[in-house]
>>> print(open('data13.tsv').read())   # TSV, C-alpha atoms
chain	number	residue	atom	x	y	z
A	264	MET	CA	119.30	53.99	94.95
A	265	ASN	CA	119.38	55.40	91.47
A	266	VAL	CA	121.54	58.37	92.38
A	267	SER	CA	124.68	57.21	90.67
A	268	ALA	CA	122.92	55.28	87.93
A	269	ALA	CA	120.87	58.14	86.54
A	270	ALA	CA	123.20	61.07	86.16
A	271	HIS	CA	120.58	63.08	84.29
A	272	PRO	CA	117.09	62.45	85.56
A	273	GLY	CA	114.54	63.72	83.12
A	274	PHE	CA	111.35	65.66	83.31
A	275	LEU	CA	109.34	62.58	82.42
A	276	SER	CA	110.32	60.60	85.50
A	277	PRO	CA	109.68	62.92	88.40
A	278	THR	CA	110.50	61.74	91.85
A	279	GLY	CA	108.08	61.87	94.73
A	280	VAL	CA	109.83	64.89	96.15
A	281	GLU	CA	109.37	66.74	92.89
A	282	ILE	CA	105.69	65.90	92.66
A	283	THR	CA	105.15	67.03	96.24
A	284	PHE	CA	107.13	70.19	95.61
A	285	VAL	CA	105.06	71.09	92.57
A	286	LEU	CA	101.74	70.39	94.29
A	287	ILE	CA	102.60	72.43	97.37
A	288	GLY	CA	104.06	75.09	95.13
A	289	LEU	CA	100.75	75.36	93.29
A	290	ALA	CA	98.90	75.68	96.59
A	291	THR	CA	101.35	78.33	97.77
A	292	LEU	CA	101.02	80.26	94.55
A	293	GLY	CA	97.23	80.10	94.70
A	294	ALA	CA	97.24	81.36	98.28
A	295	ALA	CA	99.60	84.18	97.30
A	296	LEU	CA	97.34	85.15	94.41
A	297	LEU	CA	94.34	85.19	96.74
A	298	THR	CA	96.35	87.31	99.18
A	299	VAL	CA	96.86	90.04	96.64
A	300	THR	CA	93.44	89.84	94.99
A	301	THR	CA	90.88	89.23	97.71
A	302	ARG	CA	88.68	92.14	98.67
A	303	GLN	CA	88.36	91.15	102.31
A	304	LEU	CA	91.31	92.50	104.19
A	305	VAL	CA	91.36	90.00	107.05
A	306	HIS	CA	91.09	87.13	104.57
A	307	ALA	CA	94.19	88.47	102.85
A	308	ALA	CA	96.15	88.05	106.08
A	309	LEU	CA	94.78	84.53	106.54
A	310	TRP	CA	95.69	83.53	102.99
A	311	LEU	CA	99.13	84.91	103.70
A	312	VAL	CA	99.37	82.33	106.50
A	313	VAL	CA	98.65	79.58	103.97
A	314	ALA	CA	101.26	80.92	101.55
A	315	LEU	CA	103.96	81.23	104.20
A	316	GLY	CA	103.15	77.80	105.63
A	317	GLY	CA	103.42	76.30	102.17
A	318	LEU	CA	106.82	77.92	101.81
A	319	ALA	CA	107.86	76.35	105.10
A	320	VAL	CA	106.93	72.94	103.70
A	321	GLU	CA	108.97	73.72	100.59
A	322	TYR	CA	111.96	74.46	102.81
A	323	LEU	CA	111.46	71.09	104.48
A	324	LEU	CA	111.42	69.41	101.08
A	325	LEU	CA	114.68	71.18	100.27
A	326	THR	CA	116.15	69.64	103.48
A	327	ALA	CA	116.42	73.05	105.19
A	328	GLU	CA	114.61	72.11	108.35
A	329	PHE	CA	115.90	74.87	110.59
A	330	ILE	CA	114.84	77.54	108.12
A	331	ALA	CA	111.44	75.90	107.90
A	332	TRP	CA	110.84	76.06	111.62
A	333	VAL	CA	112.12	79.61	111.82
A	334	GLN	CA	109.73	80.47	109.02
A	335	VAL	CA	106.81	78.98	110.92
A	336	LEU	CA	107.88	80.63	114.15
A	337	ILE	CA	108.53	84.14	112.88
A	338	TYR	CA	106.32	84.59	109.84
A	339	VAL	CA	103.27	82.57	110.70
A	340	GLY	CA	103.63	83.18	114.42
A	341	SER	CA	104.49	86.82	114.69
A	342	VAL	CA	104.45	88.71	111.41
A	343	VAL	CA	100.93	87.70	110.48
A	344	VAL	CA	99.73	88.45	113.99
A	345	LEU	CA	101.36	91.88	113.72
A	346	LEU	CA	99.62	92.43	110.39
A	347	LEU	CA	96.29	91.42	111.87
A	348	PHE	CA	96.86	93.83	114.76
A	349	GLY	CA	97.64	96.53	112.23
A	350	LEU	CA	94.45	95.79	110.33
A	351	MET	CA	92.42	96.01	113.52
A	352	LEU	CA	94.09	99.19	114.72
A	353	THR	CA	93.55	101.00	111.43
A	354	LYS	CA	89.85	100.12	111.59
A	355	ALA	CA	89.93	97.96	108.50
A	356	PRO	CA	86.41	97.08	107.41
A	357	ILE	CA	85.28	93.55	108.17
A	358	GLY	CA	83.76	92.09	105.04
A	359	ARG	CA	84.13	93.23	101.48
A	360	SER	CA	85.69	96.58	100.89
A	361	PRO	CA	85.18	97.79	97.33
A	362	ASP	CA	88.25	100.02	97.27
A	363	ALA	CA	90.86	97.46	98.26
A	364	ASP	CA	92.52	97.78	94.85
A	365	SER	CA	93.59	101.08	93.41
A	366	GLU	CA	92.51	102.13	89.97
A	367	ASN	CA	95.87	101.44	88.36
A	368	ARG	CA	95.61	97.71	88.87
A	369	LEU	CA	95.62	97.04	85.14
A	370	VAL	CA	99.00	98.71	84.86
A	371	ALA	CA	100.16	96.68	87.86
A	372	LEU	CA	98.87	93.51	86.21
A	373	GLY	CA	100.78	94.35	83.05
A	374	VAL	CA	103.98	94.98	84.98
A	375	GLY	CA	103.60	91.79	87.01
A	376	VAL	CA	102.86	89.58	83.98
A	377	ALA	CA	105.70	91.09	81.98
A	378	ALA	CA	108.17	90.63	84.82
A	379	ALA	CA	106.97	87.06	85.39
A	380	ALA	CA	107.29	86.16	81.72
A	381	ALA	CA	110.76	87.64	81.38
A	382	LEU	CA	112.07	86.14	84.61
A	383	VAL	CA	110.57	82.69	84.00
A	384	TRP	CA	112.07	82.64	80.52
A	385	VAL	CA	115.49	83.61	81.79
A	386	VAL	CA	115.45	81.25	84.78
A	387	VAL	CA	114.22	78.23	82.85
A	388	ASP	CA	116.72	78.90	80.10
A	389	ALA	CA	119.55	79.22	82.60
A	390	PHE	CA	118.81	76.22	84.81
A	391	ARG	CA	117.41	73.77	82.29
A	392	THR	CA	120.08	71.17	82.94
A	393	THR	CA	120.66	71.66	86.65
A	394	TRP	CA	119.63	69.21	89.29
A	395	ILE	CA	119.74	69.46	93.05
A	396	ASN	CA	121.14	66.43	94.78
A	397	LEU	CA	118.90	65.99	97.80
A	398	HIS	CA	120.51	62.76	98.93
A	399	GLY	CA	123.41	62.40	101.28
A	400	VAL	CA	123.94	64.50	104.37
A	401	ALA	CA	121.21	67.05	104.94
A	402	GLN	CA	122.34	70.52	104.04
A	403	GLY	CA	120.16	72.44	106.45
A	404	SER	CA	119.98	70.48	109.66
A	405	SER	CA	119.95	72.50	112.84
A	406	ARG	CA	123.43	71.29	113.71
A	407	ALA	CA	124.96	72.37	110.42
A	408	THR	CA	123.15	75.70	110.43
A	409	GLY	CA	124.09	76.45	114.00
A	410	GLU	CA	127.74	75.56	113.51
A	411	SER	CA	128.09	77.72	110.42
A	412	LEU	CA	126.08	80.55	111.97
A	413	PHE	CA	128.16	80.76	115.14
A	414	ARG	CA	131.49	79.95	113.53
A	415	HIS	CA	131.55	81.92	110.30
A	416	TRP	CA	128.69	84.36	110.68
A	417	VAL	CA	129.07	85.56	114.25
A	418	LEU	CA	129.86	89.16	113.43
A	419	PRO	CA	126.91	89.68	111.05
A	420	PHE	CA	124.73	87.90	113.60
A	421	GLU	CA	125.69	90.37	116.34
A	422	ALA	CA	125.28	93.30	113.98
A	423	LEU	CA	121.83	91.96	113.21
A	424	SER	CA	120.91	91.94	116.88
A	425	VAL	CA	121.95	95.58	117.10
A	426	LEU	CA	119.76	96.31	114.08
A	427	LEU	CA	116.84	94.56	115.76
A	428	LEU	CA	117.35	96.64	118.87
A	429	ALA	CA	117.45	99.82	116.78
A	430	ALA	CA	114.27	98.80	114.98
A	431	LEU	CA	112.58	98.08	118.29
A	432	VAL	CA	113.55	101.45	119.76
A	433	GLY	CA	112.48	103.13	116.53
A	434	ALA	CA	109.09	101.47	116.61
A	435	ILE	CA	108.58	102.50	120.24
A	436	VAL	CA	109.57	106.09	119.49
A	437	LEU	CA	107.32	106.21	116.45
A	438	SER	CA	104.26	104.76	118.13
A	439	ARG	CA	104.59	106.71	121.38
A	440	ARG	CA	101.96	109.34	121.85
A	441	ASP	CA	103.41	112.80	121.58
A	442	THR	CA	103.25	114.29	125.04
A	443	GLY	CA	104.48	117.72	124.06
A	444	SER	CA	107.29	119.58	125.78
A	445	PRO	CA	108.00	118.48	129.35
A	446	GLY	CA	107.89	122.05	130.66
A	447	SER	CA	104.21	122.54	129.86
A	448	ALA	CA	102.99	119.60	131.88
A	449	ALA	CA	105.47	119.93	134.73
A	450	PRO	CA	103.44	121.73	137.45
A	451	SER	CA	100.63	119.23	137.62
A	452	PRO	CA	101.18	116.02	139.57
A	453	ALA	CA	100.08	114.07	136.51
A	454	GLY	CA	103.15	115.39	134.77
A	455	ALA	CA	105.16	112.63	136.40
A	456	THR	CA	103.53	109.96	134.26
A	457	PRO	CA	104.96	110.97	130.87
A	458	ALA	CA	108.42	111.04	132.35
A	459	ALA	CA	107.93	107.59	133.81
A	460	THR	CA	106.70	106.07	130.56
A	461	PRO	CA	110.05	105.70	128.77
A	462	ALA	CA	111.62	104.21	131.86
A	463	ALA	CA	108.81	101.69	132.01
A	464	ASP	CA	109.25	100.91	128.32
A	465	ALA	CA	112.97	100.28	128.51
A	466	PRO	CA	113.01	97.02	130.53
A	467	ALA	CA	110.19	95.63	128.44
A	468	ALA	CA	112.19	96.37	125.30
A	469	GLY	CA	115.24	94.62	126.66
A	470	LYS	CA	113.22	91.62	127.68
A	471	GLU	CA	111.58	91.31	124.31
A	472	HIS	CA	114.87	91.57	122.55
A	473	SER	CA	116.57	88.84	124.50
B	56	MET	CA	115.14	67.66	92.17
B	57	HIS	CA	115.27	69.92	89.18
B	58	LEU	CA	116.52	73.38	90.14
B	59	ALA	CA	113.98	75.00	87.84
B	60	TYR	CA	111.09	74.12	90.15
B	61	PRO	CA	112.09	76.27	93.15
B	62	ALA	CA	113.49	78.97	90.87
B	63	VAL	CA	110.27	79.28	88.88
B	64	LEU	CA	108.17	79.18	92.03
B	65	ALA	CA	110.28	81.97	93.51
B	66	VAL	CA	109.92	84.04	90.34
B	67	LEU	CA	106.17	83.63	90.31
B	68	LEU	CA	105.83	84.48	94.01
B	69	PHE	CA	107.98	87.56	93.49
B	70	CYS	CA	105.81	88.74	90.62
B	71	VAL	CA	102.64	88.13	92.62
B	72	GLY	CA	104.12	90.30	95.34
B	73	LEU	CA	105.10	92.91	92.77
B	74	TYR	CA	101.53	93.05	91.51
B	75	GLY	CA	100.28	93.36	95.07
B	76	VAL	CA	102.62	96.24	95.89
B	77	LEU	CA	101.51	98.13	92.81
B	78	ALA	CA	97.82	97.34	92.87
B	79	ARG	CA	96.85	97.40	96.51
B	80	ARG	CA	95.56	100.51	98.15
B	81	ASN	CA	95.66	99.75	101.84
B	82	ALA	CA	99.15	100.23	103.24
B	83	ILE	CA	99.00	97.05	105.31
B	84	LEU	CA	98.16	95.00	102.22
B	85	VAL	CA	101.17	96.58	100.55
B	86	LEU	CA	103.28	95.38	103.48
B	87	MET	CA	101.88	91.87	103.02
B	88	SER	CA	102.91	91.92	99.38
B	89	VAL	CA	106.40	93.02	100.39
B	90	GLU	CA	106.52	89.99	102.68
B	91	LEU	CA	105.64	87.77	99.72
B	92	MET	CA	108.50	89.24	97.69
B	93	LEU	CA	110.97	88.72	100.53
B	94	ASN	CA	109.83	85.12	100.88
B	95	ALA	CA	110.42	84.52	97.21
B	96	VAL	CA	113.99	85.70	97.68
B	97	ASN	CA	114.33	83.40	100.69
B	98	LEU	CA	113.22	80.41	98.63
B	99	ASN	CA	115.83	81.25	96.02
B	100	LEU	CA	118.53	81.51	98.67
B	101	VAL	CA	117.66	78.17	100.22
B	102	ALA	CA	117.41	76.39	96.88
B	103	PHE	CA	120.76	77.67	95.65
B	104	ASP	CA	122.39	76.88	98.98
B	105	VAL	CA	121.22	73.29	98.74
B	106	TRP	CA	122.27	73.09	95.10
B	107	LEU	CA	125.76	74.48	95.62
B	108	ARG	CA	126.37	72.55	98.87
B	109	ASP	CA	128.10	75.59	100.24
B	110	SER	CA	130.40	74.74	103.12
B	111	LEU	CA	129.82	78.16	104.68
B	112	HIS	CA	126.03	77.76	104.44
B	113	ALA	CA	125.88	81.29	103.11
B	114	GLY	CA	122.43	80.86	101.62
B	115	GLN	CA	120.81	79.67	104.82
B	116	ALA	CA	122.58	82.22	106.99
B	117	LEU	CA	121.45	84.97	104.65
B	118	THR	CA	117.93	83.54	104.73
B	119	LEU	CA	117.91	83.84	108.51
B	120	PHE	CA	119.15	87.41	108.20
B	121	THR	CA	116.46	88.21	105.65
B	122	ILE	CA	113.77	86.79	107.91
B	123	THR	CA	115.04	88.91	110.81
B	124	ILE	CA	115.21	92.05	108.71
B	125	ALA	CA	111.72	91.34	107.41
B	126	ALA	CA	110.46	91.13	110.98
B	127	ALA	CA	112.10	94.46	111.82
B	128	GLU	CA	110.72	95.96	108.63
B	129	ILE	CA	107.19	94.86	109.36
B	130	GLY	CA	107.39	96.32	112.88
B	131	LEU	CA	108.65	99.67	111.71
B	132	GLY	CA	106.27	99.70	108.75
B	133	LEU	CA	103.29	99.04	110.95
B	134	ALA	CA	104.40	101.77	113.37
B	135	ILE	CA	104.59	104.24	110.47
B	136	VAL	CA	101.23	103.13	109.10
B	137	LEU	CA	99.61	103.54	112.51
B	138	LEU	CA	101.13	107.00	112.85
B	139	VAL	CA	99.84	107.99	109.42
B	140	PHE	CA	96.43	106.60	110.29
B	141	ARG	CA	96.39	108.56	113.53
B	142	ASN	CA	97.28	111.77	111.73
B	143	ARG	CA	95.26	111.41	108.56
B	144	GLY	CA	92.40	109.09	109.47
B	145	SER	CA	93.16	106.82	106.55
B	146	SER	CA	95.79	104.32	105.51
B	147	ASP	CA	95.17	104.44	101.76
B	148	VAL	CA	98.44	104.96	99.98
B	149	ASP	CA	96.64	106.56	97.05
B	150	ARG	CA	95.36	109.38	99.21
B	151	LEU	CA	98.64	110.25	100.89
B	152	THR	CA	99.54	112.82	98.29
B	153	GLY	CA	100.73	115.57	100.58
B	154	LEU	CA	104.19	115.52	99.04
B	155	ALA	CA	103.04	115.10	95.45
B	156	GLU	CA	103.48	117.64	92.71
B	157	PRO	CA	100.35	119.72	92.23
B	158	HIS	CA	98.49	118.35	89.26
B	159	GLY	CA	96.25	121.11	87.98
B	160	PRO	CA	95.48	124.71	88.78
B	161	GLY	CA	93.49	125.24	91.92
B	162	THR	CA	94.45	122.01	93.65
B	163	PRO	CA	97.65	122.85	95.45
B	164	HIS	CA	97.52	119.83	97.71
B	165	GLY	CA	95.44	117.39	95.72
B	166	PRO	CA	92.43	115.52	97.09
B	167	ASP	CA	93.98	115.10	100.47
B	168	ALA	CA	91.73	112.98	102.69
B	169	PRO	CA	88.53	114.91	102.07
B	170	ASP	CA	86.27	112.70	104.14
B	171	ALA	CA	86.21	111.29	107.66
B	172	THR	CA	89.15	113.33	108.83
B	173	PRO	CA	89.04	114.14	112.52
B	174	ALA	CA	89.47	117.70	113.61
B	175	ALA	CA	92.73	116.90	115.33
B	176	ALA	CA	94.09	115.48	112.09
B	177	ALA	CA	93.15	118.70	110.30
B	178	ASP	CA	95.00	120.68	112.93
B	179	ASP	CA	98.01	118.43	112.49
B	180	GLU	CA	97.89	118.96	108.76
B	181	LYS	CA	97.82	122.69	109.23
B	182	ALA	CA	100.72	122.48	111.63
B	183	GLU	CA	102.64	120.42	109.10
B	184	ALA	CA	101.83	122.82	106.33
B	185	THR	CA	103.04	125.81	108.28
B	186	ALA	CA	106.12	124.10	109.61
>>> encode(input="data13.tsv", output="structure tokens")
Amino acid sequence: MNVSAAAHPGFLSPTGVEITFVLIGLATLGAALLTVTTRQLVHAALWLVVALGGLAVEYLLLTAEFIAWVQVLIYVGSVVVLLLFGLMLTKAPIGRSPDADSENRLVALGVGVAAAAALVWVVVDAFRTTWINLHGVAQGSSRATGESLFRHWVLPFEALSVLLLAALVGAIVLSRRDTGSPGSAAPSPAGATPAATPAADAPAAGKEHS
Amino acid sequence: MHLAYPAVLAVLLFCVGLYGVLARRNAILVLMSVELMLNAVNLNLVAFDVWLRDSLHAGQALTLFTITIAAAEIGLGLAIVLLVFRNRGSSDVDRLTGLAEPHGPGTPHGPDAPDATPAAAADDEKAEATA
């Protein structure tokens, strides 16, 4: 309604979207702070879920709905689950662990606060008089994103799938148990199993990739 | 919406992640902090894409690429962390000082996982040292 009338909306008349953005931003920031400061390792992963979910809501407020759902699907759905698996597999202590932070955390705090102050100063100074126009056609609908992705970004998209495949193969190679040289285990009948393992891994890898 | 809101939020998230990378000791918590930093960059990309109304949607396409690369990074990072844990019996990044410069006289390898190291890990260390 007041899009054309108010060319320069001010700080003192925030819209509902802005208020929501700031509130969810505060929640996201608090969850991120808890992620990096809590002493319980599993709680850190769970606070990371809150932070990433808050970011998904921020994407929705910025009219980027496809990115928001991809964020929920990949980060909250798979990355955090991977991190939790990693915590379990490295026998992370359940409950408080006193040595979660290293002893140079004061230096880290100094670096973080200095970087935050400098960057906030620069960013606020640069974008003081810039407004996003959220009205009109949505910038990030699935249709628009899909059309641009498969019309202008096809080649990077395919290169990215090759990179994912390489990462997958690399992860399998890294996490495979070292079975030694094939000649040493050859005479025994059990020696057939290590040879069969990569062949059994390969279809699973292809399935997961597609 | 004022552009400063998403930009400042992205800056603050990035600095929280920076603090986490520097201050955390467990390698998996370091990976979580890296995820926070990557998400801050994603928020910047989306906000500037919406602001500029780019007809190529470069910001959102690059956000999708960043998310994918972050997923690949977390998979590979966890594989490396698990391998280190299997070899050393610990995933503390402060204690993985096998490649560090020797600090003082008499400590050629530093305090390298002095406790709770399985015998197999010690053998692996010896094999690495001789190799």
>>> closest_residue(input="data13.tsv", among="B:Ala125, B:Leu84, B:Leu77, B:Val66", to="His306 in chain A", atoms="only C-alpha atoms")
B:Leu84
>>> atom_distance(input="data13.tsv", atom1="CA of Asp388 in chain A", atom2="CA of Gly316 in chain A")
28.9 Å
>>> interface_residues(input="data13.tsv", of="chain B", to="chain A", cutoff="8 Å", atoms="only C-alpha atoms", output="PyMOL selection string")
chain B and resi 56-60+62-64+66-68+70-75+77-81+83-84+87-88+91+94+98+101-102+105-106+108+111-112+115-116+118-120+122-124+126-131+133-135+137-138+140+145-146+149
>>> atom_distance(input="data13.tsv", atom1="CA of Gly340 in chain A", atom2="CA of Val139 in chain B")
25.6 Å
>>> atom_distance(input="data13.tsv", atom1="CA of Phe69 in chain B", atom2="CA of Met92 in chain B")
4.6 Å
